[in-house]
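Participant: Pasting target_14.csv here (CSV, C-alpha atoms):
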```csv
chain,number,residue,atom,x,y,z
A,1244,MET,CA,117.0,125.6,107.1
A,1245,LYS,CA,114.5,122.8,107.0
A,1246,ILE,CA,115.2,119.2,106.6
A,1247,HIS,CA,112.2,117.0,105.7
A,1248,ILE,CA,112.3,113.6,107.3
A,1249,PRO,CA,110.6,110.7,105.4
A,1250,THR,CA,108.0,108.7,107.3
A,1251,PRO,CA,110.1,105.7,108.1
A,1252,LEU,CA,112.8,107.8,109.8
A,1253,ARG,CA,110.6,110.0,111.9
A,1254,GLN,CA,110.6,107.5,114.8
A,1255,TYR,CA,114.3,108.4,115.2
A,1256,ALA,CA,113.6,112.1,115.1
A,1257,ASP,CA,111.1,112.5,117.9
A,1258,LYS,CA,108.3,111.9,115.4
A,1259,LYS,CA,109.0,115.2,113.6
A,1260,ASP,CA,108.5,115.6,109.9
A,1261,THR,CA,110.8,118.5,109.6
A,1262,VAL,CA,113.9,119.5,111.6
A,1263,ASP,CA,115.3,123.0,111.6
A,1264,VAL,CA,119.1,123.3,111.6
A,1265,PRO,CA,121.5,126.2,111.1
A,1266,ALA,CA,123.9,125.3,108.3
A,1267,LYS,CA,126.1,126.7,105.5
A,1268,THR,CA,126.4,123.5,103.5
A,1269,VAL,CA,124.4,120.3,103.0
A,1270,GLY,CA,127.0,118.4,105.0
A,1271,GLU,CA,126.7,120.8,108.0
A,1272,ALA,CA,122.9,120.5,107.8
A,1273,LEU,CA,123.0,116.7,107.9
A,1274,SER,CA,125.6,116.8,110.7
A,1275,GLY,CA,123.3,119.1,112.6
A,1276,LEU,CA,120.4,116.7,112.1
A,1277,VAL,CA,122.4,113.7,113.3
A,1278,SER,CA,123.7,115.7,116.4
A,1279,LYS,CA,120.1,116.5,117.3
A,1280,HIS,CA,118.9,113.0,116.6
A,1281,PRO,CA,121.8,110.6,116.9
A,1282,ASP,CA,119.6,107.5,116.3
A,1283,LEU,CA,119.2,108.7,112.7
A,1284,LYS,CA,122.9,108.2,112.0
A,1285,ARG,CA,123.0,104.4,111.3
A,1286,HIS,CA,120.0,104.7,109.1
A,1287,LEU,CA,121.6,107.4,106.9
A,1288,TYR,CA,125.2,106.5,106.9
A,1289,ASN,CA,127.1,103.2,106.4
A,1290,ASP,CA,130.0,102.0,108.6
A,1291,ASP,CA,132.4,104.0,106.4
A,1292,GLY,CA,130.6,107.2,107.3
A,1293,LYS,CA,129.2,107.6,103.8
A,1294,LEU,CA,125.5,108.2,103.0
A,1295,ARG,CA,123.9,104.9,102.2
A,1296,ALA,CA,123.5,104.3,98.5
A,1297,PHE,CA,119.7,104.2,98.7
A,1298,VAL,CA,119.4,107.4,100.6
A,1299,ASN,CA,118.8,110.3,98.2
A,1300,VAL,CA,119.4,113.8,99.5
A,1301,TYR,CA,117.7,116.6,97.6
A,1302,LEU,CA,118.4,120.3,98.0
A,1303,ASN,CA,115.0,121.8,97.0
A,1304,ASP,CA,114.5,119.9,93.7
A,1305,GLU,CA,118.1,118.9,93.0
A,1306,ASP,CA,120.0,115.8,93.8
A,1307,ILE,CA,123.1,116.8,95.7
A,1308,ARG,CA,125.1,114.2,93.8
A,1309,TYR,CA,124.7,116.5,90.8
A,1310,LEU,CA,125.6,119.6,92.8
A,1311,GLN,CA,128.6,119.7,95.1
A,1312,LYS,CA,127.4,116.8,97.1
A,1313,GLU,CA,127.7,117.5,100.9
A,1314,ALA,CA,129.8,120.6,100.2
A,1315,THR,CA,126.8,122.2,98.4
A,1316,PRO,CA,126.2,125.6,99.9
A,1317,VAL,CA,122.7,126.2,101.4
A,1318,LYS,CA,120.7,129.3,102.4
A,1319,ASP,CA,118.2,129.6,105.3
A,1320,ALA,CA,115.2,129.4,103.0
A,1321,ASP,CA,116.4,126.2,101.4
A,1322,ASN,CA,114.7,122.8,102.0
A,1323,ILE,CA,116.6,119.5,102.2
A,1324,SER,CA,114.6,116.3,101.6
A,1325,ILE,CA,115.8,112.9,102.6
A,1326,VAL,CA,114.3,110.4,100.2
A,1327,PRO,CA,115.0,106.7,100.4
A,1328,SER,CA,114.8,105.1,96.9
A,1329,ILE,CA,111.7,103.3,95.6
A,1330,ALA,CA,112.3,100.4,93.3
A,1331,GLY,CA,111.8,96.7,92.8
A,1332,GLY,CA,110.0,94.5,90.3
A,1333,LYS,CA,109.2,90.9,89.6
A,1334,GLN,CA,112.6,90.6,87.9
A,1335,ILE,CA,112.6,86.8,87.1
A,1336,GLY,CA,112.0,86.0,83.5
A,1337,THR,CA,110.2,88.5,81.3
B,538,MET,CA,96.5,97.0,107.8
B,539,LEU,CA,95.8,99.1,104.7
B,540,LYS,CA,92.5,101.1,104.4
B,541,ILE,CA,91.9,102.5,101.0
B,542,GLY,CA,89.1,104.3,99.2
B,543,LYS,CA,87.4,102.4,96.4
B,544,SER,CA,88.4,105.0,93.7
B,545,GLU,CA,92.0,104.9,94.8
B,546,TRP,CA,92.0,101.1,94.8
B,547,GLU,CA,90.5,101.0,91.3
B,548,ALA,CA,93.0,103.7,90.1
B,549,ILE,CA,96.1,101.7,91.0
B,550,ARG,CA,94.7,98.5,89.4
B,551,ARG,CA,93.8,100.5,86.2
B,552,HIS,CA,97.3,102.0,86.2
B,553,GLY,CA,98.7,98.4,86.0
B,554,GLU,CA,96.4,97.7,83.0
B,555,GLU,CA,97.4,100.8,81.2
B,556,THR,CA,101.1,100.2,81.4
B,557,TYR,CA,100.9,96.5,80.6
B,558,PRO,CA,103.2,94.7,79.7
B,559,HIS,CA,105.3,97.1,81.7
B,560,GLU,CA,105.3,97.5,85.4
B,561,CYS,CA,103.5,100.6,86.7
B,562,CYS,CA,104.4,102.4,89.9
B,563,GLY,CA,103.1,105.1,92.2
B,564,VAL,CA,102.7,106.5,95.7
B,565,LEU,CA,100.0,106.0,98.3
B,566,LEU,CA,99.3,109.1,100.3
B,567,GLY,CA,97.2,109.5,103.5
B,568,HIS,CA,97.9,109.1,107.2
B,569,ALA,CA,98.6,106.5,109.8
B,570,GLU,CA,96.1,105.7,112.6
B,571,ASP,CA,98.1,103.4,114.9
B,572,GLU,CA,98.8,100.3,112.8
B,573,VAL,CA,96.4,101.3,110.0
B,574,ARG,CA,97.7,103.2,107.0
B,575,VAL,CA,94.8,105.1,105.5
B,576,VAL,CA,95.1,105.9,101.8
B,577,THR,CA,93.2,109.1,100.8
B,578,SER,CA,94.9,109.7,97.4
B,579,THR,CA,97.4,108.1,95.0
B,580,ALA,CA,100.0,109.6,92.7
B,581,ARG,CA,101.0,107.9,89.5
B,582,CYS,CA,104.7,107.9,88.7
B,583,GLY,CA,106.7,107.2,85.6
B,584,ASN,CA,108.8,104.0,85.6
B,585,THR,CA,112.4,105.1,85.1
B,586,ARG,CA,113.6,101.6,84.4
B,587,THR,CA,113.2,102.0,80.7
B,588,ASP,CA,116.0,99.4,80.2
B,589,SER,CA,113.7,96.7,81.7
B,590,PRO,CA,110.2,98.0,82.4
B,591,GLN,CA,108.6,94.6,82.0
B,592,ASN,CA,110.2,93.3,85.2
B,593,ARG,CA,111.6,96.3,87.1
B,594,TYR,CA,110.4,99.6,88.3
B,595,ASN,CA,112.0,102.7,89.8
B,596,ILE,CA,110.5,106.0,90.9
B,597,ASP,CA,112.6,109.1,90.2
B,598,PRO,CA,113.4,110.6,93.7
B,599,ARG,CA,112.8,114.0,92.2
B,600,GLU,CA,109.2,113.0,91.4
B,601,LEU,CA,108.9,111.7,95.0
B,602,VAL,CA,110.1,115.0,96.5
B,603,ARG,CA,107.4,116.8,94.5
B,604,ILE,CA,104.7,114.3,95.5
B,605,GLN,CA,105.8,114.6,99.1
B,606,ARG,CA,105.6,118.4,99.0
B,607,GLN,CA,102.2,118.4,97.3
B,608,GLY,CA,100.9,115.8,99.9
B,609,ARG,CA,102.2,117.9,102.7
B,610,GLU,CA,100.2,120.9,101.5
B,611,ARG,CA,97.1,118.8,101.7
B,612,GLY,CA,98.0,117.3,105.1
B,613,GLU,CA,98.9,113.9,103.6
B,614,ASP,CA,101.9,111.8,104.2
B,615,ILE,CA,103.5,109.0,102.1
B,616,VAL,CA,102.1,105.8,103.6
B,617,GLY,CA,103.1,103.4,100.9
B,618,PHE,CA,103.8,102.6,97.3
B,619,TYR,CA,102.3,100.4,94.6
B,620,HIS,CA,103.5,98.6,91.5
B,621,SER,CA,102.3,95.9,89.1
B,622,HIS,CA,103.6,92.4,88.2
B,623,PRO,CA,102.7,91.8,84.5
B,624,ASP,CA,101.9,88.1,84.0
B,625,HIS,CA,103.3,87.3,87.3
B,626,PRO,CA,101.8,86.5,90.8
B,627,PRO,CA,101.0,89.3,93.1
B,628,ARG,CA,103.7,88.3,95.6
B,629,TRP,CA,106.8,90.3,96.5
B,630,SER,CA,110.0,89.2,94.8
B,631,PRO,CA,113.5,89.1,96.2
B,632,THR,CA,114.1,92.3,94.2
B,633,ASP,CA,111.1,93.9,95.8
B,634,LEU,CA,112.4,93.2,99.3
B,635,ALA,CA,116.0,94.1,98.5
B,636,GLU,CA,115.0,97.5,97.1
B,637,ALA,CA,112.3,98.3,99.7
B,638,HIS,CA,113.6,100.9,102.2
B,639,TRP,CA,110.5,102.6,103.6
B,640,ILE,CA,110.1,100.6,106.8
B,641,GLY,CA,106.6,101.0,108.2
B,642,CYS,CA,105.1,101.7,104.8
B,643,SER,CA,102.8,99.5,102.7
B,644,TYR,CA,103.9,98.0,99.4
B,645,VAL,CA,101.0,97.1,97.2
B,646,ILE,CA,101.4,94.7,94.2
B,647,THR,CA,98.8,94.0,91.5
B,648,SER,CA,99.1,91.0,89.2
B,649,VAL,CA,98.1,91.9,85.6
B,650,ASP,CA,97.5,88.9,83.4
B,651,LYS,CA,97.2,89.6,79.6
B,652,GLY,CA,96.4,93.2,80.3
B,653,VAL,CA,93.7,92.6,82.9
B,654,ALA,CA,94.3,93.4,86.6
B,655,GLN,CA,93.7,90.3,88.8
B,656,ILE,CA,94.7,90.2,92.4
B,657,THR,CA,96.0,93.1,94.5
B,658,ASN,CA,97.9,92.3,97.7
B,659,SER,CA,99.5,94.6,100.3
B,660,PHE,CA,102.7,93.9,102.2
B,661,LEU,CA,104.0,95.9,105.2
B,662,LEU,CA,107.7,96.5,105.2
B,663,SER,CA,108.4,95.5,108.8
B,664,GLY,CA,111.5,95.5,110.9
B,665,SER,CA,113.7,98.1,112.5
B,666,GLU,CA,116.5,98.4,110.0
B,667,GLU,CA,117.9,97.1,106.7
B,668,SER,CA,119.3,93.9,108.3
B,669,ASP,CA,116.1,92.7,109.7
B,670,LYS,CA,113.5,94.1,107.3
B,671,ARG,CA,110.8,91.8,105.8
B,672,LEU,CA,107.7,92.2,103.8
B,673,VAL,CA,104.7,90.8,105.7
B,674,ASP,CA,101.2,90.1,104.3
B,675,GLU,CA,98.7,92.7,105.6
B,676,PRO,CA,94.9,92.8,105.3
B,677,VAL,CA,93.3,95.4,103.0
B,678,GLU,CA,90.0,97.1,103.7
B,679,VAL,CA,88.5,98.8,100.6
B,680,VAL,CA,86.0,101.5,101.8
B,681,GLU,CA,83.7,103.7,99.9
B,682,ALA,CA,85.8,106.7,100.6
B,683,ALA,CA,88.6,107.0,103.1
B,684,ALA,CA,88.5,110.1,105.2
B,685,ARG,CA,91.5,112.4,105.4
B,686,ALA,CA,93.2,113.1,108.7
B,687,GLU,CA,91.3,115.8,110.6
B,688,SER,CA,94.5,117.8,111.5
B,689,PRO,CA,97.7,118.1,109.6
B,690,ALA,CA,99.5,114.8,109.3
B,691,ARG,CA,102.1,115.6,111.9
B,692,SER,CA,103.7,118.6,113.7
```
Give the structure from the file, written as structure tokens.
Facilitator:
Amino acid sequence: MKIHIPTPLRQYADKKDTVDVPAKTVGEALSGLVSKHPDLKRHLYNDDGKLRAFVNVYLNDEDIRYLQKEATPVKDADNISIVPSIAGGKQIGT
Amino acid sequence: MLKIGKSEWEAIRRHGEETYPHECCGVLLGHAEDEVRVVTSTARCGNTRTDSPQNRYNIDPRELVRIQRQGRERGEDIVGFYHSHPDHPPRWSPTDLAEAHWIGCSYVITSVDKGVAQITNSFLLSGSEESDKRLVDEPVEVVEAAARAESPARS
């Protein structure tokens, strides 16, 4: 299956925009990705080994948080997208 | 440095006027040429911070997945993002920095005073990881039309 790497993380994945990994679950796919490109690990996971809060993982068009998280089963034709969050704002006052 | 076509530049400024007094937000697509991010199209996004749209913005990641896929089909990559600051200076806020995670991408901010777009600035999210990231002023070159990458964005 294909994992799509967002632009800021490609420098840790040999500049690739997609990485193919064999996997039966989302968790296996992410483990396979990190085994191939170990430098990605600290950018995806915190010190407790959990996905960083701002790292969204989508299986096709679904957020894995609303599926079975990393235990979500995957098929060869599926696509995983790693999408860091986009947010901000002036915040102060109104 | 950010290089952007005139129509894309005007589109992001107009977006800020249309959503005033709320913040607008969207995605800049194109390609990178060394240290220059070339914007060849933009994608408007909805602001999901309906609880506080006058001073916060958030892009639904699902919308981003779709935009990324459509960009890929045209040979375009995500090179940055934009949003507006209604009645507020076009400088990044502590919230903007805390919630910026796309290192190496441009974050464009337009000030919109009383519904009229004023100054648009661009900031590069620089650094190597979350602990040392910073937003740095970057020059903007507005060109008549920015050319798309000749070959697909990346292998």
Participant: Which of these, B:His620, B:Arg628, B:Arg593, B:Arg609, has the shortest distance to Phe660 (chain B) once you count only C-alpha atoms?
Facilitator: B:Arg628
Participant: Can you list every residue of chain B that has an atom at most 8 Å from chain A, with its nearest atom pair and the distance in Å to one decimal, using all atoms listed in the file, ordered by chain then number, as JSON lines?
Facilitator:
```
{"residue": "B:Glu560", "atom": "CA", "partner": "A:Gly1332", "partner_atom": "CA", "distance": 7.4}
{"residue": "B:Gln591", "atom": "CA", "partner": "A:Thr1337", "partner_atom": "CA", "distance": 6.3}
{"residue": "B:Asn592", "atom": "CA", "partner": "A:Gln1334", "partner_atom": "CA", "distance": 4.5}
{"residue": "B:Arg593", "atom": "CA", "partner": "A:Gly1332", "partner_atom": "CA", "distance": 4.0}
{"residue": "B:Tyr594", "atom": "CA", "partner": "A:Ala1330", "partner_atom": "CA", "distance": 5.4}
{"residue": "B:Asn595", "atom": "CA", "partner": "A:Ala1330", "partner_atom": "CA", "distance": 4.2}
{"residue": "B:Ile596", "atom": "CA", "partner": "A:Ile1329", "partner_atom": "CA", "distance": 5.6}
{"residue": "B:Asp597", "atom": "CA", "partner": "A:Ile1329", "partner_atom": "CA", "distance": 8.0}
{"residue": "B:Pro598", "atom": "CA", "partner": "A:Ser1328", "partner_atom": "CA", "distance": 6.5}
{"residue": "B:Arg599", "atom": "CA", "partner": "A:Asp1304", "partner_atom": "CA", "distance": 6.3}
{"residue": "B:Leu601", "atom": "CA", "partner": "A:Val1326", "partner_atom": "CA", "distance": 7.6}
{"residue": "B:Val602", "atom": "CA", "partner": "A:Ser1324", "partner_atom": "CA", "distance": 6.9}
{"residue": "B:Arg603", "atom": "CA", "partner": "A:Asp1304", "partner_atom": "CA", "distance": 7.8}
{"residue": "B:Asp614", "atom": "CA", "partner": "A:Thr1250", "partner_atom": "CA", "distance": 7.5}
{"residue": "B:Ile615", "atom": "CA", "partner": "A:Thr1250", "partner_atom": "CA", "distance": 6.9}
{"residue": "B:Val616", "atom": "CA", "partner": "A:Thr1250", "partner_atom": "CA", "distance": 7.5}
{"residue": "B:His620", "atom": "CA", "partner": "A:Gly1332", "partner_atom": "CA", "distance": 7.8}
{"residue": "B:Ser621", "atom": "CA", "partner": "A:Gly1332", "partner_atom": "CA", "distance": 7.9}
{"residue": "B:His622", "atom": "CA", "partner": "A:Lys1333", "partner_atom": "CA", "distance": 6.0}
{"residue": "B:His625", "atom": "CA", "partner": "A:Lys1333", "partner_atom": "CA", "distance": 7.3}
{"residue": "B:Trp629", "atom": "CA", "partner": "A:Lys1333", "partner_atom": "CA", "distance": 7.3}
{"residue": "B:Ser630", "atom": "CA", "partner": "A:Lys1333", "partner_atom": "CA", "distance": 5.5}
{"residue": "B:Thr632", "atom": "CA", "partner": "A:Gly1331", "partner_atom": "CA", "distance": 5.2}
{"residue": "B:Asp633", "atom": "CA", "partner": "A:Gly1331", "partner_atom": "CA", "distance": 4.2}
{"residue": "B:Leu634", "atom": "CA", "partner": "A:Gly1331", "partner_atom": "CA", "distance": 7.4}
{"residue": "B:Ala635", "atom": "CA", "partner": "A:Gly1331", "partner_atom": "CA", "distance": 7.5}
{"residue": "B:Glu636", "atom": "CA", "partner": "A:Gly1331", "partner_atom": "CA", "distance": 5.4}
{"residue": "B:Ala637", "atom": "CA", "partner": "A:Ile1329", "partner_atom": "CA", "distance": 6.5}
{"residue": "B:His638", "atom": "CA", "partner": "A:Pro1327", "partner_atom": "CA", "distance": 6.2}
{"residue": "B:Trp639", "atom": "CA", "partner": "A:Pro1251", "partner_atom": "CA", "distance": 5.5}
{"residue": "B:Ile640", "atom": "CA", "partner": "A:Pro1251", "partner_atom": "CA", "distance": 5.3}
{"residue": "B:Gly641", "atom": "CA", "partner": "A:Pro1251", "partner_atom": "CA", "distance": 5.9}
{"residue": "B:Cys642", "atom": "CA", "partner": "A:Pro1251", "partner_atom": "CA", "distance": 7.2}
{"residue": "B:Glu666", "atom": "CA", "partner": "A:His1286", "partner_atom": "CA", "distance": 7.3}
{"residue": "B:Arg691", "atom": "CA", "partner": "A:Asp1260", "partner_atom": "CA", "distance": 6.7}
{"residue": "B:Ser692", "atom": "CA", "partner": "A:Lys1259", "partner_atom": "CA", "distance": 6.3}
```
Participant: Hey, can you check how far CA of Val576 (chain B) sits from CA of Val680 (chain B)?
Facilitator: 10.1 Å
Participant: Just the number, please: distance in Å from CA of Leu1294 (chain A) to CA of Arg671 (chain B), one decimal.
Facilitator: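 CA of Arg671 (chain B) lies 22.2 Å from CA of Leu1294 (chain A).
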Participant: In Å, how far is it from CA of Leu1283 (chain A) to CA of Ile1248 (chain A)?
Facilitator: 10.0 Å
Participant: Would you pick out the contacts of Gly1275 (chain A) at 9 Å or less, using only C-alpha atoms, so that residues sharing its chain but fewer than 2 positions from it are not included, and give the list as a ChimeraX atom specification?
Facilitator: /A:1263-1266,1270-1273,1277-1280
Participant: Take the residues from that selection and write them out as a tab-separated table (two decimals), in the coordinates of the input, keeping C-alpha atoms.
Facilitator:
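File produced: part_33.tsv:
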```
chain	number	residue	atom	x	y	z
A	1263	ASP	CA	115.30	123.00	111.60
A	1264	VAL	CA	119.10	123.30	111.60
A	1265	PRO	CA	121.50	126.20	111.10
A	1266	ALA	CA	123.90	125.30	108.30
A	1270	GLY	CA	127.00	118.40	105.00
A	1271	GLU	CA	126.70	120.80	108.00
A	1272	ALA	CA	122.90	120.50	107.80
A	1273	LEU	CA	123.00	116.70	107.90
A	1277	VAL	CA	122.40	113.70	113.30
A	1278	SER	CA	123.70	115.70	116.40
A	1279	LYS	CA	120.10	116.50	117.30
A	1280	HIS	CA	118.90	113.00	116.60
```
Participant: If we count all atoms listed in the file and set the cut-off at 7 Å, which residues sit around Val673 (chain B), ignoring sequence neighbours fewer than 5 positions away in its own chain? Please answer as a list in words.
Facilitator: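 The residues that qualify are Phe660, Leu661, Leu662 and Ser663 of chain B.
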Participant: Using all atoms listed in the file, which residue out of B:Lys540, B:Arg586, B:Gly617, B:Trp546 lies closest to Leu565 (chain B)?
Facilitator: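 Checking each of B:Lys540, B:Arg586, B:Gly617, B:Trp546 against Leu565 (chain B), counting all atoms listed in the file, the winner is B:Gly617.
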Participant: Considering only C-alpha atoms, return as a list in words whatever protein or nucleic-acid residues lie within 7 Å of region 1315-1319 of chain A, sequence-local ones (same chain, fewer than 3 positions apart) excluded.
Facilitator: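 Selected residues are Met1244, Lys1267, Thr1268, Val1269, Leu1310, Gln1311 and Lys1312 of chain A.
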Participant: Which residues come within 12 Å of Thr556 (chain B), counting all atoms listed in the file, excluding same-chain residues fewer than 2 positions away, as an mmCIF file with C-alpha atoms, in the coordinates of the input?
Facilitator:
```cif
data_model
loop_
_atom_site.group_PDB
_atom_site.id
_atom_site.type_symbol
_atom_site.label_atom_id
_atom_site.label_comp_id
_atom_site.auth_asym_id
_atom_site.auth_seq_id
_atom_site.Cartn_x
_atom_site.Cartn_y
_atom_site.Cartn_z
ATOM 1 C CA ILE B 549 96.100 101.700 91.000
ATOM 2 C CA ARG B 550 94.700 98.500 89.400
ATOM 3 C CA ARG B 551 93.800 100.500 86.200
ATOM 4 C CA HIS B 552 97.300 102.000 86.200
ATOM 5 C CA GLY B 553 98.700 98.400 86.000
ATOM 6 C CA GLU B 554 96.400 97.700 83.000
ATOM 7 C CA PRO B 558 103.200 94.700 79.700
ATOM 8 C CA HIS B 559 105.300 97.100 81.700
ATOM 9 C CA GLU B 560 105.300 97.500 85.400
ATOM 10 C CA CYS B 561 103.500 100.600 86.700
ATOM 11 C CA CYS B 562 104.400 102.400 89.900
ATOM 12 C CA ARG B 581 101.000 107.900 89.500
ATOM 13 C CA CYS B 582 104.700 107.900 88.700
ATOM 14 C CA GLY B 583 106.700 107.200 85.600
ATOM 15 C CA ASN B 584 108.800 104.000 85.600
ATOM 16 C CA PRO B 590 110.200 98.000 82.400
ATOM 17 C CA GLN B 591 108.600 94.600 82.000
ATOM 18 C CA TYR B 594 110.400 99.600 88.300
ATOM 19 C CA HIS B 620 103.500 98.600 91.500
ATOM 20 C CA SER B 621 102.300 95.900 89.100
ATOM 21 C CA HIS B 622 103.600 92.400 88.200
ATOM 22 C CA PRO B 623 102.700 91.800 84.500
ATOM 23 C CA VAL B 649 98.100 91.900 85.600
ATOM 24 C CA LYS B 651 97.200 89.600 79.600
ATOM 25 C CA GLY B 652 96.400 93.200 80.300
ATOM 26 C CA VAL B 653 93.700 92.600 82.900
ATOM 27 C CA ALA B 654 94.300 93.400 86.600
#
```
Participant: Looking at A:Leu1287, A:Ile1307, A:Asp1321, A:Gln1254, which one is nearest to Ser1274 (chain A), with distances taken over all atoms listed in the file?
Facilitator: A:Leu1287
Participant: Can you give me N, CA and C atoms for region 636-656 of chain B, written as a compact mmCIF listing (two decimals), keeping the file's coordinate frame?
Facilitator:
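Saved to out.txt:
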```
# COMPACT_ATOMS: atom_id res chain seq x y z
N GLU B 636 115.03 96.06 97.46
CA GLU B 636 115.00 97.50 97.10
C GLU B 636 113.91 98.26 97.86
N ALA B 637 113.32 97.63 98.87
CA ALA B 637 112.30 98.30 99.70
C ALA B 637 113.07 98.92 100.91
N HIS B 638 112.89 100.22 101.13
CA HIS B 638 113.60 100.90 102.20
C HIS B 638 112.71 101.71 103.13
N TRP B 639 111.43 101.78 102.80
CA TRP B 639 110.50 102.60 103.60
C TRP B 639 109.87 101.72 104.67
N ILE B 640 110.61 101.44 105.72
CA ILE B 640 110.10 100.60 106.80
C ILE B 640 108.88 101.24 107.44
N GLY B 641 107.84 100.44 107.65
CA GLY B 641 106.60 101.00 108.20
C GLY B 641 105.59 101.37 107.16
N CYS B 642 105.99 101.30 105.88
CA CYS B 642 105.10 101.70 104.80
C CYS B 642 104.53 100.39 104.13
N SER B 643 103.45 100.57 103.38
CA SER B 643 102.80 99.50 102.70
C SER B 643 103.34 99.40 101.23
N TYR B 644 103.55 98.19 100.76
CA TYR B 644 103.90 98.00 99.40
C TYR B 644 102.84 97.11 98.72
N VAL B 645 102.12 97.72 97.79
CA VAL B 645 101.00 97.10 97.20
C VAL B 645 101.36 96.55 95.79
N ILE B 646 101.01 95.31 95.51
CA ILE B 646 101.40 94.70 94.20
C ILE B 646 100.10 94.12 93.57
N THR B 647 99.92 94.48 92.30
CA THR B 647 98.80 94.00 91.50
C THR B 647 99.31 93.05 90.42
N SER B 648 98.75 91.86 90.31
CA SER B 648 99.10 91.00 89.20
C SER B 648 98.21 91.44 87.99
N VAL B 649 98.83 91.54 86.83
CA VAL B 649 98.10 91.90 85.60
C VAL B 649 98.34 90.83 84.57
N ASP B 650 97.31 90.03 84.31
CA ASP B 650 97.50 88.90 83.40
C ASP B 650 96.84 89.32 82.02
N LYS B 651 97.64 89.24 80.98
CA LYS B 651 97.20 89.60 79.60
C LYS B 651 96.46 90.93 79.60
N GLY B 652 96.98 91.87 80.38
CA GLY B 652 96.40 93.20 80.30
C GLY B 652 95.27 93.49 81.28
N VAL B 653 94.85 92.46 82.03
CA VAL B 653 93.70 92.60 82.90
C VAL B 653 94.16 92.46 84.39
N ALA B 654 93.87 93.47 85.22
CA ALA B 654 94.30 93.40 86.60
C ALA B 654 93.55 92.24 87.32
N GLN B 655 94.32 91.47 88.06
CA GLN B 655 93.70 90.30 88.80
C GLN B 655 93.72 90.57 90.26
N ILE B 656 94.70 90.05 90.96
CA ILE B 656 94.70 90.20 92.40
C ILE B 656 95.63 91.29 92.87
```
